Amino acid sequence: MSAWKPITQLAADVQAGRTKAVDLVERSLAAIAEHEEYKAIIATLNETAKSRAKVIDEQVANGVKLGRLAGVPFIAKDNFLVFGAETTAASNILRGFTAPYQSTAIERLEAEGAICVAKANLDAFAHGSSTENSDFFTTLNPHDKTRVPGGSSGGSGAAVVLGLAPFALGSDTGGSIRLPASFTGCVGYKPTYGLVSRSGVVAMGSSLDTIGPLAMGVEDAALVLDVMAGKDPLDSTTIAKDPAGYVLPTQALDLTGVTIGVIQEYMTDALSPPIKSEVESAVAKLRAAGAKITQVSLPSLPLGLAVYYVLCPAEVSSNLSRYDGQRYGSFTADAQNLFDSYTRTRETGFGAEAKRRIMVGTYVLSSGYYDAYYKKAQTVRTKIINEFAAVFNKVDYLLGPTAPMTAFKIGENTTDPLQMYLADIMTVSANLAGVPAISIPCGLASGLPVGLQLIAPQHADRKLLQLAQKTEELLS
Ligand code: GLN
């Protein structure tokens with residue numbers, strides 16, 4: 001569905017004056033208008049995008065050397081602060097909140113000449129797997145309008161696949177970049193924890209949150225990561241970039257001597273047969289291309305989801321306490337007193353899922369239950385981290401499906417939060433362990449996209465992108 005040229009070519013065309021940045025922005029805005037029915041977008045940034053494009057075209061005319069993303073339009077999930085624009089995180093409580101500063105990720109992309117044209121829909125505060133938790137509307141899957149695009153970055157995934165822009169940004173706390181990539185049929189990259197600054201992105205679970213790109217190909221995702229990655233004084237958890245960067249070499253990875261472990265816990269008989277067979281056929285192609293394939297087990301992986309749904313709500317309950325009707329977004333103008341203002345703002349401002357997470361999170365952190373839930377979950381998290389470390393002594397990469405299902409029907413899981421949480425069963429562990437993971441398209445099951453997940457050790461992002469590029473080539 002998307003017909004954008006690779007990002008490097010778009011930027012080269014703009015720099016050479018063959019393409020006008022203004023035309024790229026117009027094209028993106030026209031595509032957004034044309035595909036409005038999919039409800040991928042919360043707001044467009046028409047005026048600022050056009051005026052930025054004009055400046056870039058003028059600079060080109062004046063012979064100025066621009067950055068690597070010169071004139072390239074992109075879409076940010078609406079939990080990224082874009083200076084001067086409304087940032088809602090798709091929540092009622094943040095309606096009307098204008099960002100007083102800008103996220104580092106956006107800042108770095110703009111410094112290279114990229115232009116943010118729109119803000120994409122998400123599950124409110126990024127809590128969810130389908131965009132159905134958005135306080136505004138549900139995004140439709142580009143392959144089947146009766147199905148969800150995955151979440152929480154569902155607007156970003158749908159936007160990329162519909163060709164609304166060459167790339168989009170997402171955040172991944174438990175799978176929110178990879179799941180929509182899997183459900184919509186694009187590439188979604190979740191970097192090593194700390195590789196991309198979280199500054200200026202609405203916090204969900206601060207020890208789990210990561211920032212990354214969604215794009216139609218690995219090469220584009222790698223370039224965008226390269227621009228955003230690295231230490232940031234505004235986020236003390238950030239880490240340095242790989243000295244070699246993340247832009248992919250022209251020479252594809254040689255798989256001889258590369259060992260890939262297929263995660264047994266994800267490839268059980270319970271996995272839907274068409275998904276299993278697509279993943280198995282990808283494995284066969286990797287083996288035929290020279291990779292050594294082994295079966296590996298991480299015995300605590302099945303506990304990942306339970307651990308995540310204790311720790312994530314705990315962190316969510318803490319992060320959401322700042323929305324008190326005093327500082328950000330909406331407030332109750334006719335409140336009788338401060339307490340009345342707090343309660344009434346939150347009652348209407350938070351949706352059911354945010355409230356559920358505040359209650360679960362507060363409960364597991366409360367004295368008397370802390371040891372039984374929060375501390376226990378932290379202990380198992382450490383066990384999972386250790387199991388990843390141990391398995392990476394034996395294999396270079398891990399492989400499995402991104403999700404146990406393809407895109408489900410809108411409404412299918414909305415009455416059963418536990419069923420909804422199961423969509424994350426194969427993605428959350430990478431966040432718990434802070435390791436990088438990517439979802440790339442891997443065939444279709446009953447006409448719907450299947451995602452292949454590749455995982456590498458912490459800091460091996462470059463290596464992981466190289467494997468993903470090679471795999472993408474083998475699967476095309
Ligand atoms: N679906 C998961 C959740 O609801 C992950 C969300 C995310 O990664 N932001 O917590």
# chains A, B, ... in the order shown; residues from 1 in each chain; ligands from 1
call {"tool": "select_by_dssp", "arguments": {"residues": "range 419-472 of chain A", "states": "strand (DSSP E or B)", "output": "list in words"}}
result
Ala437, Ile438, Ser439, Ile440, Pro441, Cys442, Gly443, Leu444, Ala445, Leu448, Pro449, Val450, Gly451, Leu452, Gln453, Leu454 and Ile455 of chain A
call {"tool": "residues_near_ligand", "arguments": {"ligand": "ligand 1", "cutoff": "6 Å", "atoms": "only C-alpha atoms and all ligand atoms", "output": "list in words"}}
result
Ala126, His127, Gly128, Ser129, Ser152, Asp172, Thr173, Gly174, Gly175, Ser176 and Asp424 of chain A
call {"tool": "residues_around", "arguments": {"residues": "Ala114 in chain A", "least_positions_apart": "3", "cutoff": "12 Å", "atoms": "only C-alpha atoms", "output": "compact mmCIF listing (two decimals) with C-alpha atoms, in the first residue's frame"}}
result
# COMPACT_ATOMS: atom_id res chain seq x y z
CA ILE A 7 14.18 7.58 3.24
CA THR A 8 17.80 8.08 2.11
CA LEU A 10 13.81 10.96 -0.44
CA ALA A 11 16.30 13.10 1.47
CA VAL A 14 15.21 17.01 -1.61
CA ALA A 21 10.00 19.20 0.71
CA VAL A 22 6.74 21.11 0.35
CA LEU A 24 6.44 15.61 0.23
CA VAL A 25 4.52 17.27 3.04
CA ALA A 49 4.82 21.24 8.65
CA LYS A 50 4.31 23.33 5.55
CA ARG A 52 9.17 23.97 7.91
CA ALA A 53 9.13 22.42 4.43
CA ILE A 56 14.01 23.57 3.85
CA LEU A 66 20.93 19.73 5.01
CA GLY A 67 20.68 16.68 7.25
CA ARG A 68 20.09 13.03 6.47
CA LEU A 69 16.31 13.32 6.70
CA ALA A 70 15.95 16.53 4.72
CA GLY A 71 12.28 17.18 4.01
CA VAL A 72 11.13 13.68 5.00
CA PRO A 73 7.65 13.71 6.58
CA PHE A 74 6.90 11.53 9.59
CA ILE A 75 4.13 10.87 12.08
CA ALA A 76 4.58 10.75 15.86
CA ALA A 105 13.54 12.08 19.69
CA ILE A 106 11.57 14.68 17.69
CA GLU A 107 14.29 17.28 18.30
CA ARG A 108 16.95 15.01 16.80
CA LEU A 109 14.81 14.03 13.81
CA GLU A 110 14.04 17.68 13.08
CA ALA A 111 17.71 18.59 13.41
CA VAL A 117 3.17 16.14 9.87
CA ALA A 165 4.32 8.97 5.80
CA PRO A 166 7.57 7.07 5.23
CA PHE A 167 7.95 6.37 8.95
CA ALA A 168 6.27 6.85 12.30
CA LEU A 223 18.40 5.08 9.78
CA VAL A 224 15.73 6.63 11.99
CA VAL A 227 19.34 9.65 14.20
CA MET A 228 17.49 9.32 17.52
call {"tool": "closest_residue", "arguments": {"among": "A:Gly150, A:Gly185, A:Pro6, A:Gly304", "to": "Asp220 in chain A", "atoms": "only C-alpha atoms"}}
result
A:Pro6
call {"tool": "select_by_dssp", "arguments": {"residues": "range 153-213 of chain A", "states": "alpha helix (DSSP H)", "output": "list in words"}}
result
Gly154, Gly155, Ser156, Gly157, Ala158, Ala159, Val160, Val161, Arg178, Leu179, Pro180, Ala181, Ser182, Phe183 and Thr184 of chain A
call {"tool": "residues_around", "arguments": {"residues": "range 399-411 of chain A", "least_positions_apart": "5", "cutoff": "8 Å", "atoms": "only C-alpha atoms", "output": "NGL selection string"}}
result
:A and (132 or 141 or 146-150 or 178-179 or 182-184 or 260-263 or 266-267 or 271-272 or 275-276 or 279 or 423-427 or 439 or 445 or 448-455)
call {"tool": "write_last_selection", "arguments": {"atoms": "C-alpha atoms", "output": "short mmCIF file (atom, residue, chain, number, x, y, z; two decimals), in the first residue's frame"}}
result
data_model
loop_
_atom_site.label_atom_id
_atom_site.label_comp_id
_atom_site.auth_asym_id
_atom_site.auth_seq_id
_atom_site.Cartn_x
_atom_site.Cartn_y
_atom_site.Cartn_z
CA GLU A 132 -9.58 0.43 21.59
CA ASN A 141 -6.54 -2.24 10.46
CA THR A 146 -13.32 -4.80 11.01
CA ARG A 147 -10.08 -5.60 12.85
CA VAL A 148 -7.76 -3.74 15.21
CA PRO A 149 -4.31 -2.53 14.12
CA GLY A 150 -2.71 -3.73 17.37
CA ARG A 178 6.12 -4.69 17.78
CA LEU A 179 2.48 -5.75 18.13
CA SER A 182 2.92 -7.49 13.45
CA PHE A 183 -0.82 -6.80 13.06
CA THR A 184 -0.48 -4.23 10.26
CA ILE A 260 19.85 -18.42 16.21
CA GLY A 261 17.85 -19.92 19.05
CA VAL A 262 14.18 -20.65 18.44
CA ILE A 263 12.31 -19.96 21.67
CA TYR A 266 6.74 -19.45 22.09
CA MET A 267 6.53 -22.28 19.57
CA LEU A 271 0.31 -21.51 18.81
CA SER A 272 -2.08 -21.07 15.91
CA ILE A 275 1.40 -18.54 12.43
CA LYS A 276 3.60 -21.45 13.44
CA VAL A 279 7.60 -18.76 11.44
CA ALA A 423 -1.70 -10.40 23.09
CA ASP A 424 1.50 -9.25 24.82
CA ILE A 425 2.65 -12.66 25.99
CA MET A 426 5.54 -12.83 23.52
CA THR A 427 6.63 -9.21 23.67
CA SER A 439 9.08 -7.41 14.46
CA ALA A 445 -2.24 -16.24 7.91
CA LEU A 448 -3.64 -11.22 7.75
CA PRO A 449 -0.02 -10.22 8.44
CA VAL A 450 2.15 -12.36 10.71
CA GLY A 451 5.08 -10.85 12.60
CA LEU A 452 8.44 -12.53 13.11
CA GLN A 453 10.25 -11.41 16.24
CA LEU A 454 14.04 -11.33 16.46
CA ILE A 455 15.76 -10.55 19.77
#
call {"tool": "closest_atom_pairs", "arguments": {"of": "range 59-169 of chain A", "to": "range 186-194 of chain A", "cutoff": "9 Å", "atoms": "only C-alpha atoms", "output": "CSV"}}
result
residue,atom,partner,partner_atom,distance
A:Gly157,CA,A:Cys186,CA,7.0
A:Ala158,CA,A:Cys186,CA,8.9
A:Val160,CA,A:Cys186,CA,7.4
A:Val161,CA,A:Cys186,CA,6.5
call {"tool": "write_last_selection", "arguments": {"atoms": "N, CA and C atoms", "output": "compact mmCIF listing (two decimals), in the first residue's frame"}}
result
# COMPACT_ATOMS: atom_id res chain seq x y z
N GLY A 157 1.30 2.31 13.31
CA GLY A 157 1.42 1.16 12.41
C GLY A 157 0.52 1.31 11.19
N ALA A 158 -0.74 1.67 11.44
CA ALA A 158 -1.68 1.84 10.33
C ALA A 158 -1.20 2.95 9.41
N VAL A 160 1.81 4.01 8.71
CA VAL A 160 2.93 3.60 7.86
C VAL A 160 2.44 2.68 6.74
N VAL A 161 1.58 1.74 7.09
CA VAL A 161 1.12 0.77 6.10
C VAL A 161 0.18 1.43 5.08
call {"tool": "atom_distance", "arguments": {"atom1": "CA of Gln295 in chain A", "atom2": "CA of Ser277 in chain A"}}
result
15.8 Å
call {"tool": "closest_residue", "arguments": {"among": "A:Pro441, A:Gly205, A:Pro213, A:Gly96", "to": "Gly325 in chain A", "atoms": "only C-alpha atoms"}}
result
A:Gly96
call {"tool": "residues_around", "arguments": {"residues": "Leu286 in chain A", "least_positions_apart": "2", "cutoff": "10 Å", "atoms": "only C-alpha atoms", "output": "PyMOL selection string"}}
result
chain A and resi 255+258+260+280-284+288-293+467+470-471+474-475
call {"tool": "residues_around", "arguments": {"residues": "range 102-104 of chain A", "least_positions_apart": "4", "cutoff": "12 Å", "atoms": "only C-alpha atoms", "output": "PyMOL selection string"}}
result
chain A and resi 76-87+98+108-111+116+169+195-203+211+227-235+238
call {"tool": "atom_distance", "arguments": {"atom1": "CA of Asn337 in chain A", "atom2": "CA of Phe97 in chain A"}}
result
22.1 Å
call {"tool": "closest_residue", "arguments": {"among": "A:Asp13, A:Thr332, A:Ala222, A:Leu365", "to": "Tyr246 in chain A", "atoms": "only C-alpha atoms"}}
result
A:Ala222
call {"tool": "residues_around", "arguments": {"residues": "Thr362 in chain A", "least_positions_apart": "2", "cutoff": "8 Å", "atoms": "only C-alpha atoms", "output": "MDAnalysis selection string"}}
result
chainID A and resid 313:314 317 358:360 364:366
call {"tool": "closest_residue", "arguments": {"among": "A:Leu94, A:Arg287, A:Arg18, A:Gln264", "to": "Arg322 in chain A", "atoms": "only C-alpha atoms"}}
result
A:Leu94
call {"tool": "closest_residue", "arguments": {"among": "A:Tyr323, A:Phe125, A:Tyr308, A:Phe136", "to": "Ser207 in chain A", "atoms": "only C-alpha atoms"}}
result
A:Tyr308
call {"tool": "closest_residue", "arguments": {"among": "A:Ile440, A:Ala306, A:Thr345, A:Asp242", "to": "Ser476 in chain A", "atoms": "only C-alpha atoms"}}
result
A:Ile440
call {"tool": "decode", "arguments": {"residues": "range 10-48 of chain A", "atoms": "N, CA and C atoms", "output": "compact mmCIF listing (two decimals), in the first residue's frame"}}
result
# COMPACT_ATOMS: atom_id res chain seq x y z
N LEU A 10 14.68 9.78 -0.56
CA LEU A 10 13.81 10.96 -0.44
C LEU A 10 14.64 12.18 -0.05
N ALA A 11 15.49 11.98 0.97
CA ALA A 11 16.30 13.10 1.47
C ALA A 11 17.30 13.55 0.40
N ALA A 12 17.86 12.59 -0.33
CA ALA A 12 18.82 12.96 -1.39
C ALA A 12 18.12 13.75 -2.49
N ASP A 13 16.89 13.35 -2.82
CA ASP A 13 16.12 14.08 -3.84
C ASP A 13 15.83 15.52 -3.40
N VAL A 14 15.50 15.67 -2.12
CA VAL A 14 15.21 17.01 -1.61
C VAL A 14 16.49 17.85 -1.64
N GLN A 15 17.58 17.27 -1.16
CA GLN A 15 18.85 17.99 -1.12
C GLN A 15 19.29 18.42 -2.53
N ALA A 16 19.03 17.55 -3.51
CA ALA A 16 19.45 17.85 -4.88
C ALA A 16 18.45 18.78 -5.60
N GLY A 17 17.34 19.08 -4.95
CA GLY A 17 16.34 19.95 -5.57
C GLY A 17 15.45 19.22 -6.58
N ARG A 18 15.57 17.89 -6.64
CA ARG A 18 14.72 17.11 -7.57
C ARG A 18 13.30 17.00 -7.04
N THR A 19 13.19 17.00 -5.71
CA THR A 19 11.88 16.94 -5.06
C THR A 19 11.79 18.10 -4.09
N LYS A 20 10.62 18.68 -4.00
CA LYS A 20 10.44 19.77 -3.02
C LYS A 20 9.92 19.19 -1.72
N ALA A 21 10.50 19.63 -0.60
CA ALA A 21 10.00 19.20 0.71
C ALA A 21 8.53 19.54 0.85
N VAL A 22 8.15 20.69 0.30
CA VAL A 22 6.74 21.11 0.35
C VAL A 22 5.85 20.06 -0.32
N ASP A 23 6.32 19.48 -1.42
CA ASP A 23 5.51 18.47 -2.12
C ASP A 23 5.41 17.18 -1.29
N LEU A 24 6.51 16.82 -0.61
CA LEU A 24 6.44 15.61 0.23
C LEU A 24 5.44 15.80 1.36
N VAL A 25 5.47 16.98 1.95
CA VAL A 25 4.52 17.27 3.04
C VAL A 25 3.09 17.28 2.50
N GLU A 26 2.90 17.90 1.35
CA GLU A 26 1.55 17.92 0.74
C GLU A 26 1.07 16.51 0.44
N ARG A 27 1.99 15.71 -0.04
CA ARG A 27 1.62 14.32 -0.38
C ARG A 27 1.17 13.57 0.88
N SER A 28 1.92 13.79 1.95
CA SER A 28 1.59 13.12 3.21
C SER A 28 0.22 13.60 3.73
N LEU A 29 0.02 14.92 3.70
CA LEU A 29 -1.25 15.46 4.19
C LEU A 29 -2.42 15.00 3.32
N ALA A 30 -2.18 14.88 2.02
CA ALA A 30 -3.25 14.41 1.12
C ALA A 30 -3.59 12.95 1.43
N ALA A 31 -2.55 12.13 1.69
CA ALA A 31 -2.80 10.72 2.02
C ALA A 31 -3.56 10.60 3.35
N ILE A 32 -3.22 11.47 4.29
CA ILE A 32 -3.93 11.46 5.58
C ILE A 32 -5.41 11.76 5.35
N ALA A 33 -5.69 12.77 4.53
CA ALA A 33 -7.08 13.14 4.26
C ALA A 33 -7.80 12.00 3.52
N GLU A 34 -7.10 11.40 2.57
CA GLU A 34 -7.71 10.35 1.76
C GLU A 34 -8.07 9.12 2.61
N HIS A 35 -7.25 8.84 3.62
CA HIS A 35 -7.48 7.63 4.43
C HIS A 35 -8.07 7.93 5.82
N GLU A 36 -8.76 9.03 5.91
CA GLU A 36 -9.31 9.46 7.20
C GLU A 36 -10.17 8.39 7.86
N GLU A 37 -10.86 7.60 7.02
CA GLU A 37 -11.79 6.58 7.56
C GLU A 37 -11.08 5.57 8.47
N TYR A 38 -9.75 5.42 8.31
CA TYR A 38 -9.03 4.45 9.17
C TYR A 38 -8.76 4.99 10.57
N LYS A 39 -8.93 6.26 10.73
CA LYS A 39 -8.78 6.93 12.03
C LYS A 39 -7.42 6.66 12.68
N ALA A 40 -6.38 6.73 11.87
CA ALA A 40 -5.02 6.54 12.38
C ALA A 40 -4.49 7.80 13.04
N ILE A 41 -5.07 8.95 12.68
CA ILE A 41 -4.48 10.23 13.06
C ILE A 41 -5.38 10.99 14.03
N ILE A 42 -4.75 11.57 15.07
CA ILE A 42 -5.51 12.41 16.00
C ILE A 42 -5.52 13.86 15.51
N ALA A 43 -4.37 14.34 15.07
CA ALA A 43 -4.29 15.73 14.61
C ALA A 43 -3.19 15.89 13.57
N THR A 44 -3.42 16.76 12.62
CA THR A 44 -2.34 17.07 11.66
C THR A 44 -1.70 18.39 12.07
N LEU A 45 -0.45 18.55 11.65
CA LEU A 45 0.28 19.77 12.00
C LEU A 45 0.50 20.58 10.71
N ASN A 46 -0.59 20.74 9.95
CA ASN A 46 -0.52 21.36 8.62
C ASN A 46 0.40 22.56 8.50
N GLU A 47 0.08 23.58 9.30
CA GLU A 47 0.77 24.86 9.10
C GLU A 47 2.25 24.78 9.43
N THR A 48 2.56 24.21 10.61
CA THR A 48 3.98 24.13 10.98
C THR A 48 4.74 23.25 10.00
